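Structure, as structure tokens:
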Amino acid sequence: AQSVTQLDSQVPVFEEAPVELRCNYSSSVSVYLFWYVQYPNQGLQLLLKYLSGSTLVKGINGFEAEFNKSQTSFHLRKPSVHISDTAEYFCAVRTTGGSYIPTFGRGTSLIVHP
Amino acid sequence: ETGVTQSPTHLIKTRGQQVTLRCSSQSGHNTVSWYQQALGQGPQFIFQYYREEENGRGNFPPRFSGLQFPNYSSELNVNALELDDSALYLCASSLLAQNTEAFFGQGTRLTVV
């Protein structure tokens, strides 16, 4: 079984500041990793995913994440945030084989202040 | 625009009642998954359907059941509603079960009173 821990329930930042949302995972087998964004009253939208290859993954809206196998982490970063980035962010993990069931973290609320 | 649509968007039911939620998958997608997202929590996997057959199930009781139709649209049925069933129910479709990208609908907000 796999699990995901999002270390911060809420991250407040000022507009144009950099931000990092932290995600750690636990799994006994190899995994795929994902970050999703959820705007109020909306479903989830995929920001980026790590399947294999380069550990630095670039996604939409200027976000990127780095897979660190030794630290079992997949932190999400953006160098300069906008007010419109205010949303809930979810990290998810799925094994590369067998069951296709993803496990989601509890989410991090990113609040961007003007 | 993801192409996945869910209905209704909001619903209020009384404890003990039954509810049916509907999902129309993105065109060409033969796999649909359902999730329950309680307030302040991440989505929890309920089950997945692939070509009209259940293809995996999370830790939910049998009163949560589903169907997938030949046009790949889907229903989630919940019997004997409990207060803790109040949540946002999300549907996600993908081209194949093993695909790593799924497209989510906007969800149905169910409130049980």
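Naming scheme: A, B, ... for chains in displayed order of the structure tokens; residues 1 onward per chain; ligands 1 onward as shown.
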Expected answer as an mmCIF file with N, CA, C and O atoms, in the first residue's frame: chain A residues within 10 Å of chain B, only C-alpha atoms:
data_model
loop_
_atom_site.group_PDB
_atom_site.id
_atom_site.type_symbol
_atom_site.label_atom_id
_atom_site.label_comp_id
_atom_site.auth_asym_id
_atom_site.auth_seq_id
_atom_site.Cartn_x
_atom_site.Cartn_y
_atom_site.Cartn_z
ATOM 1 N N SER A 9 -1.051 22.208 5.649
ATOM 2 C CA SER A 9 -2.464 22.266 5.274
ATOM 3 C C SER A 9 -2.784 23.596 4.595
ATOM 4 O O SER A 9 -3.701 23.675 3.775
ATOM 5 N N TYR A 32 4.257 6.256 -9.734
ATOM 6 C CA TYR A 32 4.082 7.477 -10.498
ATOM 7 C C TYR A 32 3.583 8.540 -9.511
ATOM 8 O O TYR A 32 2.859 8.216 -8.557
ATOM 9 N N LEU A 33 3.932 9.793 -9.765
ATOM 10 C CA LEU A 33 3.556 10.872 -8.863
ATOM 11 C C LEU A 33 2.868 11.989 -9.629
ATOM 12 O O LEU A 33 3.225 12.278 -10.773
ATOM 13 N N PHE A 34 1.902 12.621 -8.986
ATOM 14 C CA PHE A 34 1.074 13.628 -9.631
ATOM 15 C C PHE A 34 0.831 14.809 -8.699
ATOM 16 O O PHE A 34 0.805 14.654 -7.479
ATOM 17 N N GLN A 38 -7.235 22.209 -7.551
ATOM 18 C CA GLN A 38 -8.693 22.273 -7.485
ATOM 19 C C GLN A 38 -9.108 23.685 -7.109
ATOM 20 O O GLN A 38 -8.831 24.146 -5.996
ATOM 21 N N TYR A 39 -9.753 24.364 -8.037
ATOM 22 C CA TYR A 39 -10.296 25.691 -7.762
ATOM 23 C C TYR A 39 -11.661 25.531 -7.095
ATOM 24 O O TYR A 39 -12.294 24.476 -7.216
ATOM 25 N N PRO A 40 -12.128 26.531 -6.378
ATOM 26 C CA PRO A 40 -13.403 26.413 -5.657
ATOM 27 C C PRO A 40 -14.533 25.925 -6.550
ATOM 28 O O PRO A 40 -14.703 26.406 -7.670
ATOM 29 N N ASN A 41 -15.268 24.954 -6.035
ATOM 30 C CA ASN A 41 -16.429 24.385 -6.726
ATOM 31 C C ASN A 41 -16.085 23.778 -8.087
ATOM 32 O O ASN A 41 -16.916 23.778 -9.008
ATOM 33 N N GLN A 42 -14.874 23.290 -8.206
ATOM 34 C CA GLN A 42 -14.436 22.668 -9.449
ATOM 35 C C GLN A 42 -13.896 21.261 -9.174
ATOM 36 O O GLN A 42 -13.623 20.900 -8.018
ATOM 37 N N GLY A 43 -13.724 20.495 -10.242
ATOM 38 C CA GLY A 43 -13.049 19.206 -10.127
ATOM 39 C C GLY A 43 -11.544 19.416 -10.108
ATOM 40 O O GLY A 43 -11.057 20.536 -10.000
ATOM 41 N N LEU A 44 -10.809 18.329 -10.205
ATOM 42 C CA LEU A 44 -9.346 18.392 -10.167
ATOM 43 C C LEU A 44 -8.778 18.525 -11.580
ATOM 44 O O LEU A 44 -9.274 17.916 -12.523
ATOM 45 N N GLN A 45 -7.696 19.306 -11.691
ATOM 46 C CA GLN A 45 -7.002 19.483 -12.968
ATOM 47 C C GLN A 45 -5.550 19.063 -12.777
ATOM 48 O O GLN A 45 -4.907 19.483 -11.807
ATOM 49 N N LEU A 46 -5.044 18.257 -13.686
ATOM 50 C CA LEU A 46 -3.666 17.793 -13.576
ATOM 51 C C LEU A 46 -2.697 18.937 -13.860
ATOM 52 O O LEU A 46 -2.776 19.585 -14.903
ATOM 53 N N LEU A 48 0.921 18.427 -13.242
ATOM 54 C CA LEU A 48 2.093 17.750 -13.780
ATOM 55 C C LEU A 48 2.155 16.343 -13.224
ATOM 56 O O LEU A 48 1.450 16.008 -12.271
ATOM 57 N N LYS A 49 3.027 15.527 -13.845
ATOM 58 C CA LYS A 49 3.193 14.153 -13.381
ATOM 59 C C LYS A 49 4.620 13.694 -13.618
ATOM 60 O O LYS A 49 5.291 14.143 -14.551
ATOM 61 N N TYR A 50 5.076 12.794 -12.735
ATOM 62 C CA TYR A 50 6.370 12.151 -12.910
ATOM 63 C C TYR A 50 6.109 10.673 -13.196
ATOM 64 O O TYR A 50 5.503 9.968 -12.390
ATOM 65 N N LEU A 51 6.603 10.221 -14.345
ATOM 66 C CA LEU A 51 6.473 8.809 -14.704
ATOM 67 C C LEU A 51 7.839 8.132 -14.681
ATOM 68 O O LEU A 51 7.994 7.029 -14.137
ATOM 69 N N GLU A 88 -6.692 24.827 -3.995
ATOM 70 C CA GLU A 88 -6.272 23.654 -3.229
ATOM 71 C C GLU A 88 -5.406 22.789 -4.134
ATOM 72 O O GLU A 88 -5.753 22.569 -5.299
ATOM 73 N N TYR A 89 -4.290 22.304 -3.596
ATOM 74 C CA TYR A 89 -3.357 21.509 -4.374
ATOM 75 C C TYR A 89 -3.222 20.122 -3.744
ATOM 76 O O TYR A 89 -3.021 19.999 -2.528
ATOM 77 N N PHE A 90 -3.335 19.099 -4.581
ATOM 78 C CA PHE A 90 -3.278 17.725 -4.104
ATOM 79 C C PHE A 90 -2.133 16.975 -4.765
ATOM 80 O O PHE A 90 -1.984 17.007 -5.985
ATOM 81 N N CYS A 91 -1.377 16.283 -3.936
ATOM 82 C CA CYS A 91 -0.347 15.376 -4.404
ATOM 83 C C CYS A 91 -0.951 13.970 -4.430
ATOM 84 O O CYS A 91 -1.753 13.624 -3.544
ATOM 85 N N ALA A 92 -0.600 13.176 -5.423
ATOM 86 C CA ALA A 92 -1.147 11.820 -5.520
ATOM 87 C C ALA A 92 -0.061 10.863 -5.986
ATOM 88 O O ALA A 92 0.874 11.245 -6.693
ATOM 89 N N ARG A 94 0.607 6.661 -7.400
ATOM 90 C CA ARG A 94 0.020 5.443 -7.950
ATOM 91 C C ARG A 94 1.139 4.482 -8.290
ATOM 92 O O ARG A 94 2.185 4.922 -8.781
ATOM 93 N N THR A 96 3.286 1.746 -10.377
ATOM 94 C CA THR A 96 3.503 1.673 -11.818
ATOM 95 C C THR A 96 2.856 0.441 -12.438
ATOM 96 O O THR A 96 2.663 0.377 -13.642
ATOM 97 N N GLY A 97 2.526 -0.547 -11.628
ATOM 98 C CA GLY A 97 1.873 -1.744 -12.133
ATOM 99 C C GLY A 97 0.750 -2.163 -11.219
ATOM 100 O O GLY A 97 0.459 -1.491 -10.237
ATOM 101 N N GLY A 98 0.109 -3.285 -11.546
ATOM 102 C CA GLY A 98 -0.952 -3.781 -10.681
ATOM 103 C C GLY A 98 -2.148 -2.852 -10.671
ATOM 104 O O GLY A 98 -2.627 -2.419 -11.707
ATOM 105 N N SER A 99 -2.623 -2.543 -9.486
ATOM 106 C CA SER A 99 -3.792 -1.688 -9.348
ATOM 107 C C SER A 99 -3.518 -0.286 -9.864
ATOM 108 O O SER A 99 -2.430 0.256 -9.689
ATOM 109 N N TYR A 100 -4.505 0.303 -10.508
ATOM 110 C CA TYR A 100 -4.356 1.661 -11.024
ATOM 111 C C TYR A 100 -4.958 2.680 -10.085
ATOM 112 O O TYR A 100 -5.215 3.805 -10.464
ATOM 113 N N ILE A 101 -5.181 2.289 -8.852
ATOM 114 C CA ILE A 101 -5.863 3.157 -7.897
ATOM 115 C C ILE A 101 -4.890 4.173 -7.328
ATOM 116 O O ILE A 101 -3.895 3.808 -6.700
ATOM 117 N N PRO A 102 -5.171 5.466 -7.508
ATOM 118 C CA PRO A 102 -4.285 6.481 -6.941
ATOM 119 C C PRO A 102 -4.647 6.771 -5.488
ATOM 120 O O PRO A 102 -5.798 6.615 -5.081
ATOM 121 N N THR A 103 -3.653 7.198 -4.738
ATOM 122 C CA THR A 103 -3.858 7.662 -3.365
ATOM 123 C C THR A 103 -3.533 9.140 -3.320
ATOM 124 O O THR A 103 -2.460 9.558 -3.744
ATOM 125 N N PHE A 104 -4.467 9.918 -2.796
ATOM 126 C CA PHE A 104 -4.301 11.374 -2.729
ATOM 127 C C PHE A 104 -3.899 11.802 -1.319
ATOM 128 O O PHE A 104 -4.305 11.180 -0.328
ATOM 129 N N GLY A 105 -3.149 12.896 -1.249
ATOM 130 C CA GLY A 105 -2.906 13.543 0.028
ATOM 131 C C GLY A 105 -4.119 14.356 0.440
ATOM 132 O O GLY A 105 -5.113 14.456 -0.305
ATOM 133 N N ARG A 106 -4.028 14.958 1.629
ATOM 134 C CA ARG A 106 -5.172 15.697 2.162
ATOM 135 C C ARG A 106 -5.295 17.100 1.582
ATOM 136 O O ARG A 106 -6.282 17.778 1.820
ATOM 137 N N GLY A 107 -4.278 17.512 0.830
ATOM 138 C CA GLY A 107 -4.363 18.801 0.170
ATOM 139 C C GLY A 107 -3.655 19.915 0.923
ATOM 140 O O GLY A 107 -3.518 19.872 2.148
ATOM 141 N N THR A 108 -3.182 20.898 0.160
ATOM 142 C CA THR A 108 -2.592 22.118 0.707
ATOM 143 C C THR A 108 -3.315 23.295 0.087
ATOM 144 O O THR A 108 -3.415 23.384 -1.145
ATOM 145 N N SER A 109 -3.817 24.158 0.950
ATOM 146 C CA SER A 109 -4.509 25.354 0.474
ATOM 147 C C SER A 109 -3.486 26.463 0.264
ATOM 148 O O SER A 109 -2.861 26.920 1.228
#
Polymer residues at most 12 Å from Asn68 (chain A), only C-alpha atoms, same-chain spacing of 2 or more positions, as a list in words: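 Once the nearby chain positions are removed, what remains is Arg22, Cys23, Asn24, Tyr25, Leu33, Tyr50, Ser52, Ser54, Thr55, Leu56, Val57, Ala65, Glu66, Ser70, Gln71, Thr72, Ser73, Phe74, His75 and Leu76 of chain A.
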Test item: residues at most 8 Å from region 78-82 of chain A, only C-alpha atoms, excluding those fewer than 6 positions along its chain, as a ChimeraX atom specification: /A:14-20,62-64,112
Residues flagged strand (DSSP E) by DSSP in region 49-106 of chain B, as a ChimeraX atom specification: /B:49-50,53-57,64-68,74-78,87-94,103-104
For the residues selected in the previous step, produce a file with C-alpha atoms as a CSV table (one decimal), in the first residue's frame.
chain,number,residue,atom,x,y,z
B,49,TYR,CA,-15.4,0.8,-14.3
B,50,TYR,CA,-13.8,-0.4,-17.5
B,53,GLU,CA,-17.2,-4.1,-15.7
B,54,GLU,CA,-16.0,-3.1,-12.2
B,55,ASN,CA,-12.2,-2.9,-12.4
B,56,GLY,CA,-11.2,-2.1,-8.9
B,57,ARG,CA,-12.8,-1.0,-5.6
B,64,PHE,CA,-22.0,2.2,-2.8
B,65,SER,CA,-22.6,0.6,-6.2
B,66,GLY,CA,-22.2,1.7,-9.8
B,67,LEU,CA,-22.9,1.1,-13.4
B,68,GLN,CA,-21.3,1.9,-16.6
B,74,SER,CA,-21.8,6.0,-15.5
B,75,GLU,CA,-23.9,6.1,-12.4
B,76,LEU,CA,-23.0,6.0,-8.7
B,77,ASN,CA,-25.7,4.7,-6.4
B,78,VAL,CA,-25.7,5.1,-2.7
B,87,ALA,CA,-19.2,15.1,0.4
B,88,LEU,CA,-18.2,16.1,-3.1
B,89,TYR,CA,-18.4,13.2,-5.5
B,90,LEU,CA,-16.0,13.3,-8.4
B,91,CYS,CA,-16.1,11.3,-11.6
B,92,ALA,CA,-12.9,11.0,-13.7
B,93,SER,CA,-12.6,9.4,-17.1
B,94,SER,CA,-9.6,8.1,-19.0
B,103,PHE,CA,-10.0,14.0,-16.6
B,104,PHE,CA,-12.3,15.1,-13.8
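Going from CA of Asp8 (chain A) to CA of Ser27 (chain A) covers 20.4 Å.
Here CA of Gln36 (chain B) and CA of Pro12 (chain A) stand 26.7 Å from one another.
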Given only C-alpha atoms as the counted atoms, nearest of A:Arg77, A:Ile83, A:Lys69, A:Val11 to Leu47 (chain A):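 Distance minimum relative to Leu47 (chain A) lands on A:Arg77.
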B:Arg63, B:Tyr72, B:Leu39, B:Glu52 ranked by distance to Ser24 (chain B), top pick (using only C-alpha atoms):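 Closest residue, counting only C-alpha atoms: B:Tyr72.
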Atom-to-atom span, CA of Gln17 (chain B) and CA of Ser73 (chain B), Å: 23.4 Å
Helix (DSSP H, G or I) positions in chain A, given as a list in words: Ile60, Asn61, Gly62, Ile83, Ser84 and Asp85 of chain A
Spatial neighbours of Ser86 (chain B), max dist 7 Å, only C-alpha atoms, sep filter under 5 positions, as a PyMOL selection string: chain B and resi 110-112
